[in-house]
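What follows is protein_37.cif (mmCIF, C-alpha atoms, pLDDT in the B column; chains and numbers go by the auth columns).
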data_entry
#
loop_
_atom_site.group_PDB
_atom_site.id
_atom_site.type_symbol
_atom_site.label_atom_id
_atom_site.label_comp_id
_atom_site.label_asym_id
_atom_site.label_seq_id
_atom_site.Cartn_x
_atom_site.Cartn_y
_atom_site.Cartn_z
_atom_site.B_iso_or_equiv
_atom_site.auth_seq_id
_atom_site.auth_asym_id
ATOM 1 C CA MET A 1 0.000 0.000 0.000 90.00 406 A
ATOM 2 C CA HIS A 2 1.164 3.530 -0.805 95.00 407 A
ATOM 3 C CA PHE A 3 -0.341 7.000 -1.079 96.00 408 A
ATOM 4 C CA HIS A 4 -0.712 9.676 -3.756 97.00 409 A
ATOM 5 C CA GLY A 5 -1.234 13.368 -3.041 98.00 410 A
ATOM 6 C CA TYR A 6 -3.322 15.756 -5.113 97.00 411 A
ATOM 7 C CA LEU A 7 -3.734 19.518 -4.920 98.00 412 A
ATOM 8 C CA TRP A 8 -6.053 21.839 -6.769 98.00 413 A
ATOM 9 C CA ALA A 9 -6.499 25.565 -6.165 97.00 414 A
ATOM 10 C CA GLY A 10 -8.721 27.516 -8.455 97.00 415 A
ATOM 11 C CA ASP A 11 -11.921 29.362 -9.106 96.00 416 A
ATOM 12 C CA LYS A 12 -14.775 28.125 -6.922 94.00 417 A
ATOM 13 C CA ALA A 13 -17.168 28.418 -9.895 94.00 418 A
ATOM 14 C CA VAL A 14 -15.088 25.816 -11.771 93.00 419 A
ATOM 15 C CA PHE A 15 -15.032 23.567 -8.691 94.00 420 A
ATOM 16 C CA ASP A 16 -18.835 23.816 -8.538 92.00 421 A
ATOM 17 C CA LYS A 17 -19.246 22.666 -12.148 84.00 422 A
ATOM 18 C CA GLU A 18 -20.453 19.123 -11.603 80.00 423 A
ATOM 19 C CA SER A 19 -19.957 17.908 -15.171 74.00 424 A
ATOM 20 C CA VAL A 20 -16.174 18.077 -14.774 82.00 425 A
ATOM 21 C CA ARG A 21 -16.224 16.448 -11.318 88.00 426 A
ATOM 22 C CA ARG A 22 -18.588 13.543 -11.960 85.00 427 A
ATOM 23 C CA PRO A 23 -17.694 10.612 -14.224 87.00 428 A
ATOM 24 C CA PRO A 24 -19.907 10.289 -17.264 86.00 429 A
ATOM 25 C CA SER A 25 -22.792 7.891 -17.101 85.00 430 A
ATOM 26 C CA PRO A 26 -21.965 4.454 -18.507 87.00 431 A
ATOM 27 C CA VAL A 27 -25.152 4.798 -20.578 91.00 432 A
ATOM 28 C CA GLU A 28 -25.194 7.324 -23.391 92.00 433 A
ATOM 29 C CA PRO A 29 -28.282 9.494 -23.630 93.00 434 A
ATOM 30 C CA ALA A 30 -30.740 8.517 -26.339 94.00 435 A
ATOM 31 C CA THR A 31 -30.881 10.554 -29.503 91.00 436 A
ATOM 32 C CA THR A 32 -34.326 11.643 -28.337 94.00 437 A
ATOM 33 C CA SER A 33 -32.953 12.993 -25.036 94.00 438 A
ATOM 34 C CA PRO A 34 -33.150 16.750 -24.449 95.00 439 A
ATOM 35 C CA GLN A 35 -30.264 18.630 -26.049 94.00 440 A
ATOM 36 C CA ASP A 36 -28.930 19.881 -22.698 91.00 441 A
ATOM 37 C CA VAL A 37 -28.668 16.271 -21.426 89.00 442 A
ATOM 38 C CA ILE A 38 -26.735 15.258 -24.538 91.00 443 A
ATOM 39 C CA GLU A 39 -24.434 18.285 -24.207 89.00 444 A
ATOM 40 C CA ARG A 40 -23.745 17.601 -20.501 82.00 445 A
ATOM 41 C CA TYR A 41 -22.899 13.993 -21.344 87.00 446 A
ATOM 42 C CA ARG A 42 -20.516 15.027 -24.129 87.00 447 A
ATOM 43 C CA ALA A 43 -18.825 17.568 -21.847 81.00 448 A
ATOM 44 C CA ALA A 44 -18.388 14.947 -19.124 82.00 449 A
ATOM 45 C CA VAL A 45 -16.866 12.451 -21.569 84.00 450 A
ATOM 46 C CA ALA A 46 -14.500 15.062 -23.005 84.00 451 A
ATOM 47 C CA GLU A 47 -13.418 16.748 -19.787 84.00 452 A
ATOM 48 C CA TRP A 48 -13.792 14.427 -16.825 84.00 453 A
ATOM 49 C CA ARG A 49 -10.756 12.151 -17.185 84.00 454 A
ATOM 50 C CA VAL A 50 -8.288 14.866 -18.079 88.00 455 A
ATOM 51 C CA THR A 51 -9.322 17.798 -15.910 91.00 456 A
ATOM 52 C CA ASP A 52 -7.343 18.586 -12.786 94.00 457 A
ATOM 53 C CA VAL A 53 -10.524 19.676 -10.989 95.00 458 A
ATOM 54 C CA PRO A 54 -11.087 17.306 -8.050 96.00 459 A
ATOM 55 C CA PRO A 55 -13.557 14.483 -8.656 94.00 460 A
ATOM 56 C CA LEU A 56 -16.652 14.210 -6.477 93.00 461 A
ATOM 57 C CA GLU A 57 -15.397 10.924 -5.032 93.00 462 A
ATOM 58 C CA VAL A 58 -11.829 10.979 -3.728 95.00 463 A
ATOM 59 C CA ALA A 59 -10.925 7.525 -5.087 94.00 464 A
ATOM 60 C CA TYR A 60 -11.662 8.722 -8.625 93.00 465 A
ATOM 61 C CA TRP A 61 -8.339 10.582 -8.532 94.00 466 A
ATOM 62 C CA LEU A 62 -6.844 7.175 -9.355 93.00 467 A
ATOM 63 C CA VAL A 63 -8.261 7.257 -12.898 90.00 468 A
ATOM 64 C CA LYS A 64 -6.895 10.724 -13.619 91.00 469 A
ATOM 65 C CA PRO A 65 -3.584 11.229 -15.467 91.00 470 A
ATOM 66 C CA ALA A 66 -0.470 10.320 -13.467 93.00 471 A
ATOM 67 C CA GLY A 67 0.861 13.822 -14.075 94.00 472 A
ATOM 68 C CA LEU A 68 -1.651 15.159 -11.544 95.00 473 A
ATOM 69 C CA VAL A 69 0.006 13.234 -8.703 96.00 474 A
ATOM 70 C CA ARG A 70 1.846 15.780 -6.521 97.00 475 A
ATOM 71 C CA GLY A 71 3.661 13.216 -4.414 96.00 476 A
ATOM 72 C CA THR A 72 3.827 9.520 -3.579 96.00 477 A
ATOM 73 C CA TRP A 73 4.666 8.058 -0.185 97.00 478 A
ATOM 74 C CA GLU A 74 5.059 4.600 1.302 96.00 479 A
ATOM 75 C CA HIS A 75 4.179 5.676 4.841 97.00 480 A
ATOM 76 C CA PRO A 76 0.988 7.419 5.994 97.00 481 A
ATOM 77 C CA LYS A 77 2.865 9.833 8.255 97.00 482 A
ATOM 78 C CA ASP A 78 4.884 11.107 5.286 98.00 483 A
ATOM 79 C CA ALA A 79 1.700 11.660 3.267 98.00 484 A
ATOM 80 C CA ALA A 80 0.075 13.423 6.232 97.00 485 A
ATOM 81 C CA ARG A 81 3.186 15.593 6.616 97.00 486 A
ATOM 82 C CA TRP A 82 2.761 16.676 2.985 98.00 487 A
ATOM 83 C CA LEU A 83 -0.839 17.631 3.778 97.00 488 A
ATOM 84 C CA GLY A 84 0.344 19.609 6.790 96.00 489 A
ATOM 85 C CA ASP A 85 2.963 21.416 4.727 97.00 490 A
ATOM 86 C CA ARG A 86 0.376 22.364 2.093 97.00 491 A
ATOM 87 C CA LEU A 87 -2.065 23.545 4.768 95.00 492 A
ATOM 88 C CA ALA A 88 0.647 25.715 6.312 93.00 493 A
ATOM 89 C CA GLU A 89 1.526 27.089 2.866 95.00 494 A
ATOM 90 C CA TYR A 90 -2.065 28.059 2.033 95.00 495 A
ATOM 91 C CA ALA A 91 -3.312 28.973 5.547 93.00 496 A
ATOM 92 C CA PRO A 92 -2.557 32.702 5.177 93.00 497 A
ATOM 93 C CA ARG A 93 -4.980 32.745 2.220 93.00 498 A
ATOM 94 C CA PHE A 94 -7.842 30.905 3.994 93.00 499 A
ATOM 95 C CA ALA A 95 -11.013 32.979 3.943 91.00 500 A
ATOM 96 C CA ALA A 96 -12.140 31.981 7.446 89.00 501 A
ATOM 97 C CA ARG A 97 -9.925 33.000 10.349 86.00 502 A
ATOM 98 C CA SER A 98 -10.870 29.852 12.262 86.00 503 A
ATOM 99 C CA ASP A 99 -9.393 27.701 9.466 84.00 504 A
ATOM 100 C CA ARG A 100 -6.013 29.369 10.076 85.00 505 A
ATOM 101 C CA ASP A 101 -5.863 28.051 13.654 89.00 506 A
ATOM 102 C CA THR A 102 -2.607 26.059 13.762 89.00 507 A
ATOM 103 C CA THR A 103 -3.856 23.774 16.548 91.00 508 A
ATOM 104 C CA ARG A 104 -6.887 22.755 14.495 91.00 509 A
ATOM 105 C CA LEU A 105 -4.740 22.233 11.409 92.00 510 A
ATOM 106 C CA ALA A 106 -2.335 20.027 13.393 93.00 511 A
ATOM 107 C CA GLN A 107 -5.266 17.951 14.661 95.00 512 A
ATOM 108 C CA ARG A 108 -6.525 17.470 11.115 94.00 513 A
ATOM 109 C CA VAL A 109 -3.090 16.285 10.002 95.00 514 A
ATOM 110 C CA PHE A 110 -2.892 13.875 12.947 96.00 515 A
ATOM 111 C CA HIS A 111 -6.318 12.416 12.102 97.00 516 A
ATOM 112 C CA ALA A 112 -5.326 12.232 8.434 97.00 517 A
ATOM 113 C CA ALA A 113 -2.308 10.080 9.341 97.00 518 A
ATOM 114 C CA GLU A 114 -4.569 7.766 11.351 97.00 519 A
ATOM 115 C CA THR A 115 -7.092 7.480 8.515 96.00 520 A
ATOM 116 C CA LEU A 116 -4.380 6.753 5.956 97.00 521 A
ATOM 117 C CA ALA A 117 -2.803 4.123 8.217 96.00 522 A
ATOM 118 C CA LEU A 118 -6.171 2.331 8.198 94.00 523 A
ATOM 119 C CA GLY A 119 -6.267 2.405 4.386 93.00 524 A
ATOM 120 C CA GLY A 120 -8.710 5.296 4.031 95.00 525 A
ATOM 121 C CA ASP A 121 -8.514 8.374 1.853 96.00 526 A
ATOM 122 C CA VAL A 122 -8.302 11.960 3.094 97.00 527 A
ATOM 123 C CA SER A 123 -9.719 15.045 1.452 97.00 528 A
ATOM 124 C CA PHE A 124 -9.685 18.661 2.679 97.00 529 A
ATOM 125 C CA GLY A 125 -11.352 21.682 1.142 95.00 530 A
ATOM 126 C CA TYR A 126 -10.914 25.324 2.129 95.00 531 A
ATOM 127 C CA TYR A 127 -12.286 28.576 0.836 94.00 532 A
ATOM 128 C CA LEU A 128 -9.461 30.916 -0.031 94.00 533 A
ATOM 129 C CA ARG A 129 -9.864 34.604 -0.661 88.00 534 A
ATOM 130 C CA ARG A 130 -12.609 35.115 -3.202 86.00 535 A
ATOM 131 C CA PRO A 131 -13.246 33.542 -5.604 92.00 536 A
ATOM 132 C CA HIS A 132 -10.784 30.696 -4.976 95.00 537 A
ATOM 133 C CA PHE A 133 -10.982 27.286 -3.363 96.00 538 A
ATOM 134 C CA LEU A 134 -8.302 24.805 -2.255 97.00 539 A
ATOM 135 C CA SER A 135 -8.733 21.045 -2.471 97.00 540 A
ATOM 136 C CA LEU A 136 -6.152 18.655 -1.031 98.00 541 A
ATOM 137 C CA ALA A 137 -6.401 14.884 -1.152 98.00 542 A
ATOM 138 C CA VAL A 138 -4.300 11.876 -0.303 98.00 543 A
ATOM 139 C CA VAL A 139 -5.549 8.668 -1.855 97.00 544 A
ATOM 140 C CA THR A 140 -4.571 5.175 -0.765 95.00 545 A
ATOM 141 C CA CYS A 141 -3.396 3.064 -3.668 91.00 546 A
ATOM 142 C CA SER A 142 -2.831 -0.641 -4.289 83.00 547 A
ATOM 143 C CA PRO A 143 -5.533 -1.275 -3.276 82.00 548 A
ATOM 144 C CA ASN A 144 -7.960 1.500 -2.480 84.00 549 A
ATOM 145 C CA CYS A 145 -10.605 0.439 0.051 84.00 550 A
ATOM 146 C CA SER A 146 -13.505 2.070 -1.779 84.00 551 A
ATOM 147 C CA ALA A 147 -12.298 1.278 -5.298 84.00 552 A
ATOM 148 C CA ALA A 148 -10.200 -1.887 -5.210 80.00 553 A
ATOM 149 C CA ASP A 149 -10.598 -2.351 -8.988 81.00 554 A
ATOM 150 C CA ARG A 150 -8.851 0.914 -9.851 80.00 555 A
ATOM 151 C CA GLU A 151 -5.259 0.639 -10.936 81.00 556 A
ATOM 152 C CA CYS A 152 -2.497 2.802 -9.600 86.00 557 A
ATOM 153 C CA PRO A 153 -1.977 5.880 -11.813 84.00 558 A
ATOM 154 C CA ALA A 154 1.787 5.992 -11.282 72.00 559 A
ATOM 155 C CA PRO A 155 4.319 3.221 -11.888 60.00 560 A
#
Would you mind writing the structure in this file as structure tokens?
Amino acid sequence: MHFHGYLWAGDKAVFDKESVRRPPSPVEPATTSPQDVIERYRAAVAEWRVTDVPPLEVAYWLVKPAGLVRGTWEHPKDAARWLGDRLAEYAPRFAARSDRDTTRLAQRVFHAAETLALGGDVSFGYYLRRPHFLSLAVVTCSPNCSAADRECPAP
């Protein structure tokens, strides 16, 4: 078992666009489907796998391009340390003062290490100064508890 880290910081409006965060339906819409349904399906097929916008389900990071992996670790504490370093880096830009509390951030990193050690995934999201949002994730790989059939994106 090992862990991959992912980071996305960008416009909250892009993050809120579900078509780029949700995998396309395995069933294509019928030719008689409303045009907006067909267009949403086409957009999801074209964008979903290649976009760096975080997927709705954390384990779906594993089907994204390997180039989106920001780090790989063999030990959960190392992966959690990466999370802590990223939180410290972005904390001055957090929109809410309470999110900048270093004690709370340290507790989140500690719990992240525990979750990863148990084979779980960790995902954090923070509003930055308008209109931006930060998403951090560490995904357990080989195997992933919630998606054991997904292959590791990095060799």
d(CA of Ala552 in chain A, CA of Ile443 in chain A) in Å: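 Distance reported for this atom pair: 27.8 Å.
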Of the listed residues A:Ala496, A:Leu412, A:Ala451, A:Val419, that which approaches Val527 in chain A most closely, counting all atoms listed in the file: A:Leu412
The PyMOL selection byres ((chain A and resi 410) around 9) applied to the shown file, residues as a list in words: Phe408, His409, Tyr411, Leu412, Leu473, Val474, Arg475, Gly476, Thr477, Trp478, Ala484, Trp487, Leu488, Leu541, Ala542, Val543 and Val544 of chain A
Nearest residue to Pro548 in chain A from the set A:Met406, A:Ala511, A:Ala500, A:Leu467 (distances using all atoms listed in the file):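 Nearest to Pro548 in chain A: A:Met406.
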Size and centre in Å, one decimal, axis-aligned box, all listed range 525-542 of chain A atoms plus 3 Å per side, as lines of an AutoDock Vina configuration file:
center_x = -9.7
center_y = 20.2
center_z = -0.8
size_x = 13.1
size_y = 35.8
size_z = 15.6
Who sits within 9 Å of Arg498 in chain A, all atoms listed in the file, same chain under 6 positions skipped, as a list in words: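 Contacts, in chain order: Arg505, Tyr532, Leu533 and Arg534 of chain A.
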Selection above as a file: C-alpha atoms, as a compact mmCIF listing (two decimals), in the frame of the given file:
# COMPACT_ATOMS: atom_id res chain seq x y z
CA ARG A 505 -6.01 29.37 10.08
CA TYR A 532 -12.29 28.58 0.84
CA LEU A 533 -9.46 30.92 -0.03
CA ARG A 534 -9.86 34.60 -0.66
Residues selected by the PyMOL selection byres ((chain A and resi 515) around 12), written as a PyMOL selection string: chain A and resi 481-489+508-514+516-522+527
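Closest approach to Ala493 in chain A among A:Thr507, A:Cys550, A:His480, A:Trp466: A:Thr507, based on only C-alpha atoms.
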Separation of CA of Pro459 in chain A from CA of Ser438 in chain A, in Å and rounded to one decimal: 28.0 Å
Selection result for the PyMOL selection byres ((chain A and resi 559) around 8) on this file, as a PyMOL selection string: chain A and resi 471+474+557-558+560
Counting only C-alpha atoms, the option among A:Ala553, A:Leu539, A:Ala449, A:Ala435 closest to Phe420 in chain A: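 So, comparing all the options, the nearest one is A:Leu539.
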d(CA of Gly525 in chain A, CA of Cys546 in chain A) in Å: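 Distance reported for this atom pair: 9.6 Å.
Nearest to Ser547 in chain A of all the residues A:His407, A:Ser528, A:Thr436, A:Leu523 is A:His407, counting only C-alpha atoms.
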Among the residues A:Glu479, A:Glu556, A:Ala501, A:Thr437, the one that comes closest to Arg535 in chain A [using only C-alpha atoms]: A:Ala501
What's around Tyr531 in chain A at 7 Å? Count only C-alpha atoms, leave out sequence neighbours fewer than 3 positions away in its own chain, and write the answer as a PDB file with C-alpha atoms, keeping the file's coordinate frame.
ATOM      1  CA  PHE A 499      -7.842  30.905   3.994  1.00 93.00           C
ATOM      2  CA  PHE A 538     -10.982  27.286  -3.363  1.00 96.00           C
ATOM      3  CA  LEU A 539      -8.302  24.805  -2.255  1.00 97.00           C
ATOM      4  CA  SER A 540      -8.733  21.045  -2.471  1.00 97.00           C
TER       5      SER A 540
END
